[in-house]
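The data block below is coords.pdb; it holds PDB, C-alpha atoms.
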```pdb
ATOM      1  CA  MET A   1      23.125 158.438 255.324
ATOM      2  CA  LYS A   2      26.702 157.897 254.284
ATOM      3  CA  PRO A   3      27.999 154.949 252.253
ATOM      4  CA  LYS A   4      29.125 151.903 254.124
ATOM      5  CA  LYS A   5      32.493 152.502 255.686
ATOM      6  CA  THR A   6      35.106 149.819 255.438
ATOM      7  CA  THR A   7      38.129 149.385 257.672
ATOM      8  CA  LYS A   8      40.155 152.553 257.621
ATOM      9  CA  LYS A   9      42.903 152.276 255.045
ATOM     10  CA  VAL A  10      45.184 155.177 254.300
ATOM     11  CA  LEU A  11      48.028 155.669 251.885
ATOM     12  CA  LYS A  12      51.622 155.982 252.963
ATOM     13  CA  GLY A  13      52.327 159.576 253.915
ATOM     14  CA  PHE A  14      48.910 160.090 255.523
ATOM     15  CA  THR A  15      48.532 160.596 259.272
ATOM     16  CA  LYS A  16      45.531 161.223 261.466
ATOM     17  CA  ASN A  17      45.082 164.612 263.100
ATOM     18  CA  ALA A  18      41.908 164.799 265.189
ATOM     19  CA  SER A  19      42.128 168.597 265.266
ATOM     20  CA  LEU A  20      40.866 168.497 261.674
ATOM     21  CA  ASP A  21      37.521 167.209 262.981
ATOM     22  CA  LYS A  22      36.637 170.899 263.320
ATOM     23  CA  TYR A  23      35.990 171.041 259.576
ATOM     24  CA  ALA A  24      32.982 168.749 259.938
ATOM     25  CA  ASP A  25      31.153 171.583 261.704
ATOM     26  CA  GLN A  26      32.131 174.239 259.198
ATOM     27  CA  PRO A  27      30.169 174.963 256.006
ATOM     28  CA  LEU A  28      33.231 174.551 253.829
ATOM     29  CA  PHE A  29      32.836 175.052 250.094
ATOM     30  CA  LYS A  30      29.109 175.672 250.576
ATOM     31  CA  ASP A  31      28.748 177.334 247.158
ATOM     32  CA  LYS A  32      30.247 174.318 245.451
ATOM     33  CA  VAL A  33      27.969 171.914 247.308
ATOM     34  CA  ILE A  34      24.993 174.008 246.158
ATOM     35  CA  LYS A  35      26.343 173.948 242.599
ATOM     36  CA  VAL A  36      26.775 170.173 242.679
ATOM     37  CA  ASN A  37      23.292 169.711 244.139
ATOM     38  CA  GLN A  38      21.936 171.754 241.243
ATOM     39  CA  ILE A  39      23.820 169.594 238.722
ATOM     40  CA  LEU A  40      22.538 166.441 240.383
ATOM     41  CA  LYS A  41      18.989 167.811 240.265
ATOM     42  CA  THR A  42      19.089 168.864 236.618
ATOM     43  CA  VAL A  43      21.496 166.408 235.001
ATOM     44  CA  GLY A  44      21.684 163.573 237.475
ATOM     45  CA  LEU A  45      24.613 161.182 237.615
ATOM     46  CA  PRO A  46      26.493 159.645 234.681
ATOM     47  CA  LYS A  47      24.871 156.581 233.220
ATOM     48  CA  THR A  48      26.984 153.538 233.897
TER      49      THR A  48
ATOM     50  CA  MET B  49      50.124 154.906 242.363
ATOM     51  CA  ILE B  50      50.629 158.636 242.477
ATOM     52  CA  GLN B  51      54.130 159.732 243.408
ATOM     53  CA  ASN B  52      55.668 163.086 244.319
ATOM     54  CA  ARG B  53      53.011 164.354 246.687
ATOM     55  CA  TYR B  54      52.870 166.106 250.020
ATOM     56  CA  HIS B  55      52.396 164.534 253.415
ATOM     57  CA  VAL B  56      48.700 164.680 254.329
ATOM     58  CA  GLU B  57      46.809 164.788 257.617
ATOM     59  CA  PHE B  58      43.224 163.565 257.860
ATOM     60  CA  ASP B  59      40.351 163.819 260.328
ATOM     61  CA  THR B  60      38.634 161.012 262.239
ATOM     62  CA  ASP B  61      35.973 160.458 259.554
ATOM     63  CA  LEU B  62      38.482 160.590 256.687
ATOM     64  CA  GLU B  63      36.462 163.333 255.033
ATOM     65  CA  SER B  64      38.778 166.291 255.661
ATOM     66  CA  PHE B  65      42.419 166.450 254.625
ATOM     67  CA  GLU B  66      45.110 169.063 255.062
ATOM     68  CA  PHE B  67      48.592 169.447 253.677
ATOM     69  CA  ILE B  68      51.183 172.162 253.253
ATOM     70  CA  SER B  69      52.248 173.454 249.870
ATOM     71  CA  LYS B  70      55.866 174.583 249.826
ATOM     72  CA  GLY B  71      57.226 177.034 247.312
ATOM     73  CA  PRO B  72      58.426 180.588 246.665
ATOM     74  CA  MET B  73      55.331 182.053 248.353
ATOM     75  CA  GLY B  74      56.173 180.147 251.533
ATOM     76  CA  PRO B  75      54.243 177.359 253.249
ATOM     77  CA  ILE B  76      50.525 177.428 252.452
ATOM     78  CA  SER B  77      48.001 175.113 254.112
ATOM     79  CA  LYS B  78      45.616 173.420 251.716
ATOM     80  CA  VAL B  79      42.339 171.845 252.757
ATOM     81  CA  VAL B  80      40.416 169.133 250.921
ATOM     82  CA  ARG B  81      36.905 168.337 252.132
ATOM     83  CA  TYR B  82      34.497 165.657 250.877
ATOM     84  CA  SER B  83      30.983 166.890 251.750
ATOM     85  CA  GLU B  84      27.946 164.734 251.173
ATOM     86  CA  THR B  85      25.380 166.278 248.831
ATOM     87  CA  ASN B  86      21.594 165.951 248.851
ATOM     88  CA  LEU B  87      22.016 162.652 247.056
ATOM     89  CA  LYS B  88      22.996 159.806 249.321
ATOM     90  CA  GLY B  89      26.512 158.558 248.659
ATOM     91  CA  VAL B  90      27.430 161.461 246.375
ATOM     92  CA  PHE B  91      30.087 163.849 247.679
ATOM     93  CA  ASN B  92      31.380 167.228 246.614
ATOM     94  CA  LEU B  93      35.153 167.521 246.499
ATOM     95  CA  GLY B  94      36.077 170.944 247.857
ATOM     96  CA  PHE B  95      39.621 172.246 247.814
ATOM     97  CA  GLY B  96      41.125 175.539 248.922
ATOM     98  CA  ASP B  97      43.767 177.472 250.847
ATOM     99  CA  LYS B  98      43.611 178.113 254.578
ATOM    100  CA  ASN B  99      44.213 181.732 255.499
ATOM    101  CA  LYS B 100      47.091 181.975 257.992
ATOM    102  CA  GLU B 101      45.522 184.807 259.971
ATOM    103  CA  THR B 102      41.826 183.927 259.985
ATOM    104  CA  GLY B 103      41.953 180.163 259.527
ATOM    105  CA  LYS B 104      39.184 180.487 256.930
ATOM    106  CA  VAL B 105      39.349 178.302 253.859
ATOM    107  CA  ASP B 106      39.165 180.074 250.519
ATOM    108  CA  ASP B 107      38.741 178.304 247.191
ATOM    109  CA  LEU B 108      39.155 181.439 245.098
ATOM    110  CA  ARG B 109      42.671 182.371 246.139
ATOM    111  CA  ILE B 110      45.426 181.953 243.562
ATOM    112  CA  THR B 111      48.565 180.665 245.246
ATOM    113  CA  ASN B 112      51.234 180.711 242.531
ATOM    114  CA  ASN B 113      53.509 178.575 244.674
ATOM    115  CA  GLY B 114      55.005 176.824 241.662
ATOM    116  CA  ASP B 115      53.921 173.349 242.769
ATOM    117  CA  SER B 116      50.510 172.913 241.145
ATOM    118  CA  GLN B 117      51.319 169.431 239.812
ATOM    119  CA  LYS B 118      52.427 168.230 243.235
ATOM    120  CA  VAL B 119      49.361 169.817 244.838
ATOM    121  CA  LEU B 120      47.016 168.178 242.338
ATOM    122  CA  ALA B 121      48.766 164.841 242.816
ATOM    123  CA  THR B 122      48.212 165.217 246.560
ATOM    124  CA  VAL B 123      44.519 165.971 246.042
ATOM    125  CA  ALA B 124      44.307 162.865 243.851
ATOM    126  CA  ALA B 125      45.927 160.871 246.672
ATOM    127  CA  THR B 126      43.170 162.003 249.051
ATOM    128  CA  LEU B 127      40.733 160.509 246.553
ATOM    129  CA  TYR B 128      42.348 157.116 247.094
ATOM    130  CA  THR B 129      42.194 157.378 250.862
ATOM    131  CA  PHE B 130      38.618 158.680 250.834
ATOM    132  CA  THR B 131      37.328 155.952 248.526
ATOM    133  CA  ASN B 132      39.298 153.286 250.365
ATOM    134  CA  ASN B 133      36.977 154.075 253.225
ATOM    135  CA  TYR B 134      33.807 155.011 251.330
ATOM    136  CA  ALA B 135      34.043 152.425 248.601
ATOM    137  CA  ASP B 136      30.663 153.147 247.000
ATOM    138  CA  ALA B 137      30.994 156.903 247.059
ATOM    139  CA  ILE B 138      30.617 158.991 243.922
ATOM    140  CA  ILE B 139      32.568 162.244 243.912
ATOM    141  CA  VAL B 140      31.693 165.355 241.944
ATOM    142  CA  ALA B 141      34.028 168.317 241.576
ATOM    143  CA  THR B 142      33.497 171.721 240.019
ATOM    144  CA  GLY B 143      35.906 174.609 239.674
ATOM    145  CA  SER B 144      35.121 177.829 241.526
ATOM    146  CA  THR B 145      36.328 179.755 238.485
ATOM    147  CA  GLN B 146      37.044 178.817 234.864
ATOM    148  CA  ALA B 147      40.763 178.879 235.653
ATOM    149  CA  ARG B 148      40.270 176.506 238.563
ATOM    150  CA  THR B 149      38.116 174.181 236.454
ATOM    151  CA  ARG B 150      40.899 174.170 233.880
ATOM    152  CA  LEU B 151      43.421 173.382 236.599
ATOM    153  CA  CYS B 152      41.209 170.554 237.798
ATOM    154  CA  ARG B 153      41.036 169.172 234.233
ATOM    155  CA  MET B 154      44.814 169.440 233.931
ATOM    156  CA  GLY B 155      45.222 167.580 237.212
ATOM    157  CA  ILE B 156      43.043 164.731 236.014
ATOM    158  CA  THR B 157      44.757 164.663 232.630
ATOM    159  CA  THR B 158      48.253 164.632 234.132
ATOM    160  CA  ASN B 159      47.449 161.863 236.571
ATOM    161  CA  LEU B 160      44.997 160.054 234.316
ATOM    162  CA  GLU B 161      47.255 157.158 233.449
ATOM    163  CA  ALA B 162      47.930 156.422 237.114
ATOM    164  CA  ILE B 163      44.417 156.869 238.427
ATOM    165  CA  GLU B 164      42.262 155.464 235.628
ATOM    166  CA  LYS B 165      43.408 151.997 236.630
ATOM    167  CA  ASP B 166      41.387 152.462 239.783
ATOM    168  CA  PHE B 167      38.760 155.068 238.913
ATOM    169  CA  ILE B 168      36.244 155.919 236.232
ATOM    170  CA  PHE B 169      36.088 159.600 235.309
ATOM    171  CA  TYR B 170      33.294 161.529 233.627
ATOM    172  CA  GLY B 171      33.110 165.114 232.418
ATOM    173  CA  LEU B 172      30.024 167.307 232.190
ATOM    174  CA  THR B 173      29.514 169.085 228.870
ATOM    175  CA  ASN B 174      26.492 171.392 228.847
ATOM    176  CA  THR B 175      23.828 169.025 230.121
ATOM    177  CA  GLU B 176      25.376 165.618 229.643
ATOM    178  CA  TRP B 177      27.983 163.457 231.320
ATOM    179  CA  GLU B 178      30.453 161.651 229.105
ATOM    180  CA  PRO B 179      33.530 159.504 229.782
ATOM    181  CA  PHE B 180      36.434 161.871 230.445
ATOM    182  CA  ARG B 181      38.485 162.739 227.392
ATOM    183  CA  LYS B 182      41.649 164.777 227.335
ATOM    184  CA  GLY B 183      41.434 168.299 225.905
ATOM    185  CA  ILE B 184      37.676 168.784 226.383
ATOM    186  CA  LYS B 185      36.322 171.734 228.392
ATOM    187  CA  TYR B 186      34.121 170.339 231.124
ATOM    188  CA  GLU B 187      31.964 172.189 233.618
ATOM    189  CA  ALA B 188      32.234 169.490 236.258
ATOM    190  CA  PHE B 189      33.853 166.140 236.882
ATOM    191  CA  CYS B 190      32.491 162.967 238.374
ATOM    192  CA  VAL B 191      34.532 160.035 239.603
ATOM    193  CA  ARG B 192      33.872 156.691 241.169
ATOM    194  CA  LYS B 193      36.084 153.810 242.093
ATOM    195  CA  LYS B 194      36.109 150.799 239.828
ATOM    196  CA  ALA B 195      34.396 147.761 241.301
TER     197      ALA B 195
END
```
Render the structure in this file as structure tokens.
Amino acid sequence: MKPKKTTKKVLKGFTKNASLDKYADQPLFKDKVIKVNQILKTVGLPKT
Amino acid sequence: MIQNRYHVEFDTDLESFEFISKGPMGPISKVVRYSETNLKGVFNLGFGDKNKETGKVDDLRITNNGDSQKVLATVAATLYTFTNNYADAIIVATGSTQARTRLCRMGITTNLEAIEKDFIFYGLTNTEWEPFRKGIKYEAFCVRKKA
């Protein structure tokens, strides 16, 4: 489950392009996600 | 706030971003994607070039378009927009190569003064996270928005 979404706020110079929704279905940067999952498993998150 | 950056387009969920780097190598599309990891609320920040012919995104390609600072500033700007919409999100980034990790560290360092007002940065050294310090070689970076 994703974090709670607030009202959409974007910086100046940002515009919506719904054609980019295609990336949600693509396994982009899969190796990096695996790497980060491994870090999270072994090291966890920074202590705050 | 970060200045001198490219115009950015974003998807409906504000998780994918695209912009065009302009330089001596011509226009090159760059893609930034925040993908949720196995840990709820923790996202990987992925960043790479889109191949003109195939449309595939490659995070190993070296562009050499002479605009790395502007590109990194633009990536940092996506961080603002992403966390404006996923306020509690924690973002982790790793470099696909040592050179890319170094570039990532340089990007944070260069923009640190502007972005540390709004974010807390950590670096991963061996097996431990520590508050980000300039000049240290980190394996990964973690960032969250200040409350």
Close residues, Lys100 in chain B itself excluded, 9 Å, only C-alpha atoms, min 4 positions apart in chain, as a PyMOL selection string | chain B and resi 76-77+104
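A straight line drawn from CA of Glu66 in chain B to CA of Lys98 in chain B is 9.2 Å long.
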I want to know what sits within 7 Å of range 58-61 of chain B, based on only C-alpha atoms, with residues of the same chain fewer than 2 positions away left out; could you give that as an mmCIF file with C-alpha atoms, in the coordinates of the input?
```
data_model
loop_
_atom_site.group_PDB
_atom_site.id
_atom_site.type_symbol
_atom_site.label_atom_id
_atom_site.label_comp_id
_atom_site.auth_asym_id
_atom_site.auth_seq_id
_atom_site.Cartn_x
_atom_site.Cartn_y
_atom_site.Cartn_z
ATOM 1 C CA THR A 15 48.532 160.596 259.272
ATOM 2 C CA LYS A 16 45.531 161.223 261.466
ATOM 3 C CA ASN A 17 45.082 164.612 263.100
ATOM 4 C CA ALA A 18 41.908 164.799 265.189
ATOM 5 C CA LEU A 20 40.866 168.497 261.674
ATOM 6 C CA ASP A 21 37.521 167.209 262.981
ATOM 7 C CA VAL B 56 48.700 164.680 254.329
ATOM 8 C CA GLU B 63 36.462 163.333 255.033
ATOM 9 C CA SER B 64 38.778 166.291 255.661
ATOM 10 C CA PHE B 65 42.419 166.450 254.625
ATOM 11 C CA GLU B 66 45.110 169.063 255.062
#
```
So, counting all atoms listed in the file, which residue among B:Glu178, B:Glu101, B:Asp166, B:Glu161 is closest to chain A?
->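 Ranking B:Glu178, B:Glu101, B:Asp166, B:Glu161 by distance to chain A, first place goes to B:Glu178.
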Using 7 Å as the limit and counting all atoms listed in the file, can you tabulate each residue of chain B that touches chain A, with its shortest atom-to-atom distance in Å and the two atoms involved, as a tab-separated table?
```
residue	atom	partner	partner_atom	distance
B:His55	CA	A:Gly13	CA	5.0
B:Val56	CA	A:Phe14	CA	4.7
B:Glu57	CA	A:Thr15	CA	4.8
B:Phe58	CA	A:Lys16	CA	4.9
B:Asp59	CA	A:Leu20	CA	4.9
B:Thr60	CA	A:Ala18	CA	5.8
B:Ser64	CA	A:Leu20	CA	6.7
B:Thr85	CA	A:Asn37	CA	6.2
B:Asn86	CA	A:Asn37	CA	6.3
B:Lys88	CA	A:Met1	CA	6.2
B:Gly89	CA	A:Pro3	CA	5.3
B:Asn92	CA	A:Val33	CA	5.8
B:Gly94	CA	A:Phe29	CA	5.7
B:Thr129	CA	A:Val10	CA	5.1
B:Asn132	CA	A:Lys9	CA	6.0
B:Asn133	CA	A:Thr6	CA	5.1
B:Tyr134	CA	A:Lys5	CA	5.2
B:Asp136	CA	A:Pro3	CA	6.2
B:Ala137	CA	A:Pro3	CA	6.3
B:Val140	CA	A:Val36	CA	6.9
B:Thr142	CA	A:Lys32	CA	6.8
B:Thr175	CA	A:Val43	CA	6.0
B:Glu176	CA	A:Val43	CA	6.7
B:Trp177	CA	A:Pro46	CA	5.3
```
Starting from the shown file, work through the PyMOL selection byres ((chain B and resi 171) around 7) and note down what comes out as a ChimeraX atom specification.
-> /B:169-170,172-173,177-180,186,188-190
Nearest to Asp106 in chain B: which of B:Leu151, B:Val90, B:Val80, B:Ala121 is it, counting only C-alpha atoms?
->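 Looking only at the distances to Asp106 in chain B, the closest residue turns out to be B:Val80.
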CA of Phe167 in chain B to CA of Val191 in chain B, distance in Å rounded to a single decimal = 6.6 Å
Give the answer as one residue: which of B:Lys78, B:Ser83, B:Phe130, B:Ala162 has the shortest atom-to-atom distance to Val105 in chain B, using all atoms listed in the file?
-> B:Lys78
Go ahead and compute the interatomic distance for CA of Lys193 in chain B and CA of Arg81 in chain B, in Å to one decimal.
->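 Going from CA of Lys193 in chain B over to CA of Arg81 in chain B, I get 17.7 Å.
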Listed atoms of range 40-45 of chain A, axis-aligned box, 3 Å per side: centre and edge lengths to one decimal in Å, as JSON?
```
{"center_x": 21.8, "center_y": 165.0, "center_z": 237.7, "size_x": 11.6, "size_y": 13.7, "size_z": 11.4}
```
Can you list, as JSON, numbers by chain, every protein, DNA or RNA residue that comes within 12 Å of range 110-116 of chain B when you count all atoms listed in the file, leaving out same-chain residues fewer than 5 positions away?
-> {"B": [52, 53, 54, 68, 69, 70, 71, 72, 73, 74, 75, 76, 77, 78, 96, 97, 98, 99, 121, 122, 123, 144, 145, 147, 148, 151, 152, 154, 155, 158]}
Which polymer residues, protein or nucleic acid, are no farther than 7 Å from (42.5, 166.7, 229.4), counting only C-alpha atoms, as a list of chain:residue names?
->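 The distance filter leaves exactly B:Arg153, B:Met154, B:Ile156, B:Thr157, B:Arg181, B:Lys182, B:Gly183, B:Ile184.
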